[in-house]
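Data block below; observations after.
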Amino acid sequence: MQLLNLTPLDGLFDPHIPALTSTAPKSRFATATRSHLAGELRASHVGAKVKLGGWVHRTRNLGGIVFLDLRDRAGLVQVSFDPKWTPAEALERAGKLGLETVITLEGEVAARPPEMRNAEMETGEIEVRASDFRIVGPANTPAIPVARGRGEKLPAEELRLKHRNLDLRRFELQKNLILRHQLQQTTRKFLDERGYLEIETPILSKPAPSGARDYVVPSRVHPGEFYALPQSPQVYKQLLMISGFDRYFQIARCFRDEDLRADRQPEFTQIDIEASFIVPEDIYSLTEGLLAALWKDAGLEIPPTFERLRYADVMERFGIDRPDTRYALELFDASEAFRGTEFVVTNTVLAAGGRVRGLKVPGGAALSRKQLDEIEGIAKLAGAGGLIRLKRGAAGLEGPAAKFLSESAVQRLAIGEGELCLLVAGPEHVTNPALDRVRQDVAQRLSLVPENKRSFLWVTDFPLFGREQDGTLSSVHHPFTSPHPDDLHLLDSAPEKVRALAYDVVLNGLELGGGSIRINDPSLQRKVLSLLGIGADDAQLRFGFLLDALSAGAPPHGGIAFGFDRLAMVLAGATSLRDVIAFPKTTAAAALFEDAPSAIPPEDLRDLHLQTIAN
RNA sequence: GGGGCCGUAGCUCAGCUUGGUUAGAGCACUCGACUGUCACUCGAGAGGUCGCGGGUUCGAGCCCCGUCGGCCCCGCCA
């Protein structure tokens, strides 16, 4: 281990380096110890005397001369150490540099001879001829490599998270986080220009109305009481509207204590927006503008407006509230073809008020028996009893169910040459999820998904309520969502038929964000809460502050929230949220780098009035 | 809560199917050679509780059970 015994800036200022006099482009990254970033040097810098600081990415020691690739945030540049321009002593030291050592160096930018250029490097036209260098940050052999060999896989994710400081040195992650930064800046600029105020809301908060489990923080000064971390700033932003701020936004951290997925982290970031005196149209156009600005950051153009589909229609056509409409494959109702047949399966379902629905897959007749069995497996996993398969063969319609169908029914089904018809019988809550999975799987199998297409759409007219398994009503969006004014008369008689002024924005089957117009009438809010099983006393206890605020002069208001991490993931082309978050958690919600969560000393527990119990 | 995959040198992996002496390779690391490389090349060397615990067996990296950790999925996530 080399002991340098440096104070942080010792040796970084070197009075012997002459002032830079070149006409080469100046860098906005210039500091007292550095004139440019390594990765920003180009042919236009040739002749410039430069001072660089960065990491040793790779070295090539040829004996008499040494090359190294110096890396910083902007990229790589080749530094050459050669007796023609490097003192023997420095050349000797350069040959011994270990990977990931931090050095500062001075030298001159030189054009490479034509045959020595490297077209694969952005800086490949030039190199920096080093006259001297200094180790300012010695490095142990890295636990995981930063520079990988061609074809070498990434280290295990566990190691990447444990040594996150090293993993974050990789270009891919630097690029992702830089893009994320740009998206944040664009968001702020876009919303600021439209009069939206960025206002922070508490992290130490109150338990959420319902839904996900809260992360909880014990109070030291209030024995036995707890804060909850916000699942979203929902109530705060409504209070801000009631206070008259009119337009609010926040790039807000949210917390939900639920089991994780590749696209789900326990703490995540939302672009949270709320405005007063608006209708859904206002949110649609704002969103379309904001998303266009964000996609532009990634160099992509998107449609100026998005198609709008009603919830009831997307469920009927696609079986899911966030359909991937890059490919057609729409569901249809085949019930009539099976009505009055001898087919027991469909008869039972039809008699019980269910339907036979499915899709016609162009080219699907080519799928093998084995593939069809796999598809049926997917449908069954999603809850279907089975999958009815029909295709047209030389002798007419083929498939186990074909013999039950009348001539006219066959006509009506109109299955074309080469088409495969896949049907599921059952009530909506069975056919929808099953056919959604089947539709997606078949599209994948037959390569029907256009890779570069971006299919944005709005889903509107969500129902206000859904039914829990025990039959009680629950909010589809959240309890503060306004019912559709045309449906208010149904609140008591047929609450599940009440539409909400709620909307989601969907891209390629991914929910990017969602929102609603909120209730601003306290009596209507009380009514909705009571339908949700929250009585007057309970409502006052949990949401009294909101109900009181609504009674104090509340403007009509509404908003939307976007999953910012997911936006960043999509735009970065990443497949995991962890690749667009600097310090993500594992699927068990653990932070491997700093080892959180961890035990705390007994005296701290006592201060918090807490005791741990064995289980 | 449930299912699946993975865990062998600092890293990426082979070895496991069919149990059998000193567990291999590439990269990284150490030493040596090399004056235009760019995944430099060449030679030598060091480096292993085979995640952990238990079991079966004359014998376990390999088979069985449990456990820990990571990833993916279902449930869950208004």
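Ordered as shown in the structure tokens, chains take letters A, B, and onward, while each chain numbers its residues from 1 and ligands are numbered from 1 in the order shown.
Inside region 291-389 of chain A, the residues DSSP reads as strand (DSSP E) when given the backbone are Glu307, Arg308, Leu309, Arg310, Phe332, Asp333, Arg355, Val356, Arg357, Gly358, Leu359, Lys360, Val361, Ile388 and Arg389 of chain A.
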With C-alpha atoms retained, could you export that selection as an mmCIF file, in the first residue's frame?
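As written to disk, result11.cif reads:
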```cif
data_model
loop_
_atom_site.group_PDB
_atom_site.id
_atom_site.type_symbol
_atom_site.label_atom_id
_atom_site.label_comp_id
_atom_site.auth_asym_id
_atom_site.auth_seq_id
_atom_site.Cartn_x
_atom_site.Cartn_y
_atom_site.Cartn_z
ATOM 1 C CA GLU A 307 -55.922 8.491 -28.300
ATOM 2 C CA ARG A 308 -58.594 8.287 -25.602
ATOM 3 C CA LEU A 309 -60.377 5.083 -24.743
ATOM 4 C CA ARG A 310 -63.034 4.483 -22.162
ATOM 5 C CA PHE A 332 -64.466 -10.379 -29.556
ATOM 6 C CA ASP A 333 -67.583 -11.996 -28.192
ATOM 7 C CA ARG A 355 -69.675 -15.183 -22.070
ATOM 8 C CA VAL A 356 -67.396 -16.887 -24.554
ATOM 9 C CA ARG A 357 -64.763 -14.407 -25.647
ATOM 10 C CA GLY A 358 -61.492 -14.663 -27.422
ATOM 11 C CA LEU A 359 -59.334 -13.510 -30.262
ATOM 12 C CA LYS A 360 -58.533 -14.442 -33.815
ATOM 13 C CA VAL A 361 -54.819 -14.718 -34.418
ATOM 14 C CA ILE A 388 -61.040 -23.454 -26.782
ATOM 15 C CA ARG A 389 -59.044 -23.699 -30.031
#
```
Using only C-alpha atoms (C1' of nucleotides), determine which residues of chain B fall within 12 Å of chain A; present them as a PDB file with C-alpha atoms (C1' of nucleotides), in the first residue's frame.
```
ATOM      1  C1'   G B   1     -47.387 -15.991   2.065  1.00  0.00           C
ATOM      2  C1'   G B   3     -43.567 -20.930  -7.102  1.00  0.00           C
ATOM      3  C1'   C B   6     -29.009 -18.919  -9.273  1.00  0.00           C
ATOM      4  C1'   G B   7     -24.771 -19.179  -5.345  1.00  0.00           C
ATOM      5  C1'   G B  10     -11.359 -10.691  -6.552  1.00  0.00           C
ATOM      6  C1'   C B  11     -14.839 -11.043 -11.319  1.00  0.00           C
ATOM      7  C1'   U B  12     -17.185 -14.148 -15.371  1.00  0.00           C
ATOM      8  C1'   C B  13     -17.818 -19.237 -15.823  1.00  0.00           C
ATOM      9  C1'   G B  26     -10.448 -16.506 -19.157  1.00  0.00           C
ATOM     10  C1'   C B  27     -10.031 -11.642 -16.990  1.00  0.00           C
ATOM     11  C1'   A B  28      -8.055  -9.077 -12.747  1.00  0.00           C
ATOM     12  C1'   C B  29      -3.627  -9.501  -9.293  1.00  0.00           C
ATOM     13  C1'   U B  30       2.192 -10.374  -8.506  1.00  0.00           C
ATOM     14  C1'   G B  32       9.545 -10.922 -15.849  1.00  0.00           C
ATOM     15  C1'   A B  33       9.969  -9.611 -21.371  1.00  0.00           C
ATOM     16  C1'   C B  34       8.246  -6.149 -25.003  1.00  0.00           C
ATOM     17  C1'   U B  35       8.707   1.482 -28.335  1.00  0.00           C
ATOM     18  C1'   G B  36       2.177   2.604 -31.310  1.00  0.00           C
ATOM     19  C1'   U B  37      -1.168  -0.170 -28.414  1.00  0.00           C
ATOM     20  C1'   C B  38      -6.466   0.426 -27.961  1.00  0.00           C
ATOM     21  C1'   A B  39      -9.970  -6.506 -24.910  1.00  0.00           C
ATOM     22  C1'   C B  40      -1.860  -5.115 -26.494  1.00  0.00           C
ATOM     23  C1'   U B  41       1.014  -9.623 -26.725  1.00  0.00           C
ATOM     24  C1'   C B  42       4.254 -13.459 -24.544  1.00  0.00           C
ATOM     25  C1'   G B  69     -28.592 -14.232   0.148  1.00  0.00           C
ATOM     26  C1'   G B  70     -29.665 -12.430  -4.985  1.00  0.00           C
ATOM     27  C1'   C B  71     -32.908 -12.341  -9.245  1.00  0.00           C
ATOM     28  C1'   C B  72     -37.771 -13.390 -11.806  1.00  0.00           C
ATOM     29  C1'   C B  73     -42.989 -14.369 -11.211  1.00  0.00           C
ATOM     30  C1'   C B  74     -47.998 -15.134  -8.482  1.00  0.00           C
ATOM     31  C1'   G B  75     -50.490 -13.068  -4.315  1.00  0.00           C
ATOM     32  C1'   C B  76     -49.921  -7.969  -2.736  1.00  0.00           C
ATOM     33  C1'   C B  77     -48.957  -2.934  -4.602  1.00  0.00           C
ATOM     34  C1'   A B  78     -56.034   2.630  -3.898  1.00  0.00           C
TER      35        A B  78
END
```
Exercise for the section: Considering only C-alpha atoms (C1' of nucleotides), return as a PyMOL selection string whatever protein or nucleic-acid residues lie within 10 Å of region 334-340 of chain A, sequence-local ones (same chain, fewer than 5 positions apart) excluded. Expected result: chain A and resi 345-347+349-351+354-359+401+404-413+423-425
Exercise for the section: Give me every alpha helix (DSSP H) residue in region 223-318 of chain A, going by DSSP on the backbone, as a ChimeraX atom specification. Expected result: /A:234-242,280-297,311-318
Using only C-alpha atoms (C1' of nucleotides), which protein or nucleic acid residues come within 12 Å of region 533-547 of chain A? Drop anything in the same chain fewer than 6 positions from it, and give the result as a CSV table (one decimal) with N, CA, C and O atoms, in the first residue's frame.
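Output below, filename selection23.csv:
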```csv
chain,number,residue,atom,x,y,z
A,206,LYS,N,-48.8,11.0,8.0
A,206,LYS,CA,-49.8,10.3,8.6
A,206,LYS,C,-50.2,9.1,7.8
A,206,LYS,O,-50.1,9.1,6.6
A,207,PRO,N,-50.6,8.0,8.4
A,207,PRO,CA,-51.0,6.8,7.6
A,207,PRO,C,-52.0,7.1,6.5
A,207,PRO,O,-52.9,7.9,6.7
A,208,ALA,N,-51.8,6.4,5.4
A,208,ALA,CA,-52.6,6.7,4.2
A,208,ALA,C,-54.0,6.1,4.3
A,208,ALA,O,-54.2,5.3,5.2
A,209,PRO,N,-54.9,6.6,3.5
A,209,PRO,CA,-56.3,6.1,3.6
A,209,PRO,C,-56.4,4.6,3.5
A,209,PRO,O,-57.2,4.0,4.3
A,210,SER,N,-55.7,4.0,2.6
A,210,SER,CA,-55.9,2.6,2.4
A,210,SER,C,-54.8,2.1,1.5
A,210,SER,O,-53.8,2.7,1.3
A,234,GLN,N,-50.7,13.0,-1.8
A,234,GLN,CA,-52.1,13.2,-2.2
A,234,GLN,C,-52.8,14.3,-1.4
A,234,GLN,O,-53.3,15.3,-2.0
A,235,VAL,N,-52.9,14.1,-0.1
A,235,VAL,CA,-53.7,15.0,0.7
A,235,VAL,C,-53.1,16.4,0.8
A,235,VAL,O,-53.8,17.4,0.7
A,236,TYR,N,-51.8,16.4,0.9
A,236,TYR,CA,-51.1,17.7,1.0
A,236,TYR,C,-51.3,18.5,-0.3
A,236,TYR,O,-51.5,19.7,-0.2
A,237,LYS,N,-51.3,17.9,-1.4
A,237,LYS,CA,-51.5,18.7,-2.6
A,237,LYS,C,-52.9,19.2,-2.7
A,237,LYS,O,-53.1,20.4,-3.2
A,238,GLN,N,-53.8,18.5,-2.2
A,238,GLN,CA,-55.2,19.0,-2.2
A,238,GLN,C,-55.3,20.2,-1.2
A,238,GLN,O,-56.0,21.2,-1.5
A,239,LEU,N,-54.6,20.1,-0.1
A,239,LEU,CA,-54.6,21.2,0.9
A,239,LEU,C,-54.0,22.4,0.3
A,239,LEU,O,-54.5,23.6,0.5
A,240,LEU,N,-53.0,22.2,-0.6
A,240,LEU,CA,-52.3,23.4,-1.2
A,240,LEU,C,-53.3,24.0,-2.2
A,240,LEU,O,-53.3,25.3,-2.3
A,241,MET,N,-54.1,23.2,-2.9
A,241,MET,CA,-55.1,23.8,-3.8
A,241,MET,C,-56.1,24.6,-3.0
A,241,MET,O,-56.5,25.7,-3.3
A,242,ILE,N,-56.5,24.1,-1.8
A,242,ILE,CA,-57.5,24.7,-1.0
A,242,ILE,C,-56.9,26.0,-0.4
A,242,ILE,O,-57.6,27.0,-0.2
A,243,SER,N,-55.6,26.0,-0.3
A,243,SER,CA,-54.9,27.3,0.2
A,243,SER,C,-54.7,28.3,-0.9
A,243,SER,O,-54.3,29.4,-0.6
A,468,GLU,N,-64.2,-5.6,-3.1
A,468,GLU,CA,-63.2,-6.5,-2.5
A,468,GLU,C,-63.8,-7.9,-2.5
A,468,GLU,O,-64.9,-8.1,-2.8
A,471,GLY,N,-66.8,-8.4,-0.7
A,471,GLY,CA,-68.0,-7.8,-1.2
A,471,GLY,C,-68.1,-6.3,-0.9
A,471,GLY,O,-68.9,-5.6,-1.4
A,472,THR,N,-67.2,-5.8,0.0
A,472,THR,CA,-67.3,-4.4,0.3
A,472,THR,C,-66.7,-3.6,-0.8
A,472,THR,O,-65.9,-4.0,-1.7
A,473,LEU,N,-67.2,-2.3,-0.9
A,473,LEU,CA,-66.7,-1.4,-2.0
A,473,LEU,C,-65.3,-0.9,-1.6
A,473,LEU,O,-64.9,-0.7,-0.4
A,474,SER,N,-64.5,-0.7,-2.6
A,474,SER,CA,-63.1,-0.1,-2.4
A,474,SER,C,-62.9,0.9,-3.6
A,474,SER,O,-63.5,0.8,-4.7
A,475,SER,N,-62.1,1.9,-3.3
A,475,SER,CA,-61.8,2.9,-4.4
A,475,SER,C,-60.9,2.2,-5.5
A,475,SER,O,-59.9,1.5,-5.2
A,479,PRO,N,-59.8,7.4,-2.4
A,479,PRO,CA,-61.1,7.9,-1.9
A,479,PRO,C,-61.5,9.3,-2.2
A,479,PRO,O,-62.6,9.8,-1.9
A,480,PHE,N,-60.6,10.1,-2.7
A,480,PHE,CA,-60.8,11.5,-2.9
A,480,PHE,C,-61.2,11.8,-4.4
A,480,PHE,O,-61.3,13.0,-4.8
A,518,ARG,N,-60.7,15.8,-8.1
A,518,ARG,CA,-61.0,15.4,-6.8
A,518,ARG,C,-62.3,15.9,-6.3
A,518,ARG,O,-62.9,16.8,-7.0
A,519,ILE,N,-62.8,15.3,-5.3
A,519,ILE,CA,-64.0,15.8,-4.7
A,519,ILE,C,-63.7,17.1,-3.9
A,519,ILE,O,-62.8,17.2,-3.1
A,520,ASN,N,-64.5,18.2,-4.2
A,520,ASN,CA,-64.2,19.4,-3.4
A,520,ASN,C,-65.5,19.8,-2.6
A,520,ASN,O,-65.5,20.9,-2.0
A,521,ASP,N,-66.4,18.9,-2.6
A,521,ASP,CA,-67.6,19.1,-1.8
A,521,ASP,C,-67.6,18.2,-0.5
A,521,ASP,O,-67.6,17.0,-0.7
A,522,PRO,N,-67.4,18.8,0.7
A,522,PRO,CA,-67.2,18.0,1.9
A,522,PRO,C,-68.4,17.0,2.1
A,522,PRO,O,-68.1,15.9,2.5
A,523,SER,N,-69.6,17.3,1.7
A,523,SER,CA,-70.7,16.4,2.0
A,523,SER,C,-70.6,15.2,1.0
A,523,SER,O,-70.8,14.0,1.4
A,524,LEU,N,-70.2,15.5,-0.2
A,524,LEU,CA,-70.0,14.4,-1.2
A,524,LEU,C,-68.8,13.5,-0.7
A,524,LEU,O,-68.8,12.3,-0.8
A,525,GLN,N,-67.7,14.2,-0.2
A,525,GLN,CA,-66.6,13.4,0.3
A,525,GLN,C,-67.0,12.5,1.4
A,525,GLN,O,-66.6,11.3,1.5
A,526,ARG,N,-67.8,13.0,2.3
A,526,ARG,CA,-68.3,12.2,3.4
A,526,ARG,C,-69.1,11.0,2.9
A,526,ARG,O,-69.0,9.9,3.4
A,527,LYS,N,-69.9,11.3,1.9
A,527,LYS,CA,-70.8,10.3,1.3
A,527,LYS,C,-69.9,9.1,0.7
A,527,LYS,O,-70.2,7.9,1.0
A,553,GLY,N,-63.8,26.5,1.9
A,553,GLY,CA,-63.7,27.2,0.6
A,553,GLY,C,-62.7,26.5,-0.3
A,553,GLY,O,-61.5,27.0,-0.4
A,554,ALA,N,-63.1,25.4,-0.9
A,554,ALA,CA,-62.2,24.6,-1.7
A,554,ALA,C,-62.5,24.8,-3.2
A,554,ALA,O,-63.7,24.5,-3.6
```
Practice task
Tell me which of B:C64, B:C31, B:C5, B:C16 sits closest to A46 (chain B), counting only C-alpha atoms (C1' of nucleotides).
Solution key: B:C31
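Interatomic distance, CA of Thr325 (chain A) against CA of Arg369 (chain A): 27.4 Å.
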Practice task
Write out as a PyMOL selection string the residues lying within 7 Å of Ala228 (chain A), counting only C-alpha atoms (C1' of nucleotides) and excluding same-chain residues fewer than 6 positions away.
Solution key: chain A and resi 204-207+214-217
Handout entry: Shell of 8 Å around region 570-583 of chain A, only C-alpha atoms (C1' of nucleotides), local chain residues under 6 positions omitted, as a ChimeraX atom specification
Key = /A:161,164,168,173,176-177,179-180,262-265,295,298,591
Quick one: everything within 10 Å of U8 (chain B), counting only C-alpha atoms (C1' of nucleotides), minus sequence neighbours fewer than 6 positions away in the same chain. Send it as a tab-separated table (two decimals) with N, CA and C atoms (P, O5', C5', C4', C3', O3' and C1' of nucleotides), in the first residue's frame.
```tsv
chain	number	residue	atom	x	y	z
B	14	A	P	-21.62	-22.13	-16.18
B	14	A	O5'	-20.40	-23.15	-16.36
B	14	A	C5'	-19.98	-23.51	-17.65
B	14	A	C4'	-18.80	-24.45	-17.64
B	14	A	C3'	-18.95	-25.79	-16.95
B	14	A	O3'	-19.76	-26.69	-17.67
B	14	A	C1'	-16.79	-24.91	-16.58
B	15	G	P	-20.75	-27.71	-16.88
B	15	G	O5'	-19.74	-28.54	-15.94
B	15	G	C5'	-18.86	-29.49	-16.50
B	15	G	C4'	-17.94	-30.01	-15.43
B	15	G	C3'	-18.62	-30.79	-14.30
B	15	G	O3'	-18.80	-32.16	-14.65
B	15	G	C1'	-17.09	-29.23	-13.40
B	23	A	P	-7.96	-30.52	-5.40
B	23	A	O5'	-8.16	-30.04	-6.89
B	23	A	C5'	-8.69	-30.90	-7.88
B	23	A	C4'	-9.70	-30.16	-8.72
B	23	A	C3'	-9.22	-28.79	-9.22
B	23	A	O3'	-8.50	-28.93	-10.42
B	23	A	C1'	-11.41	-28.62	-8.32
B	48	G	P	-6.51	-19.24	-1.23
B	48	G	O5'	-7.77	-19.80	-2.02
B	48	G	C5'	-8.87	-18.95	-2.32
B	48	G	C4'	-10.15	-19.75	-2.37
B	48	G	C3'	-10.35	-20.74	-1.21
B	48	G	O3'	-11.66	-20.63	-0.72
B	48	G	C1'	-10.55	-21.84	-3.31
B	50	C	P	-15.66	-25.37	0.70
B	50	C	O5'	-15.97	-24.67	-0.69
B	50	C	C5'	-16.76	-23.48	-0.77
B	50	C	C4'	-17.40	-23.47	-2.13
B	50	C	C3'	-18.75	-24.17	-2.21
B	50	C	O3'	-19.57	-23.44	-3.10
B	50	C	C1'	-17.28	-25.12	-3.76
B	61	G	P	-16.86	-32.27	-1.45
B	61	G	O5'	-17.30	-30.99	-2.28
B	61	G	C5'	-18.20	-30.03	-1.73
B	61	G	C4'	-18.94	-29.33	-2.84
B	61	G	C3'	-20.00	-30.17	-3.53
B	61	G	O3'	-21.23	-30.08	-2.86
B	61	G	C1'	-18.60	-29.18	-5.14
```
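Straight-line separation from CA of Ser368 (chain A) to CA of Val442 (chain A): 12.3 Å.
Interatomic distance, CA of Leu510 (chain A) to CA of Ile320 (chain A): 11.0 Å.
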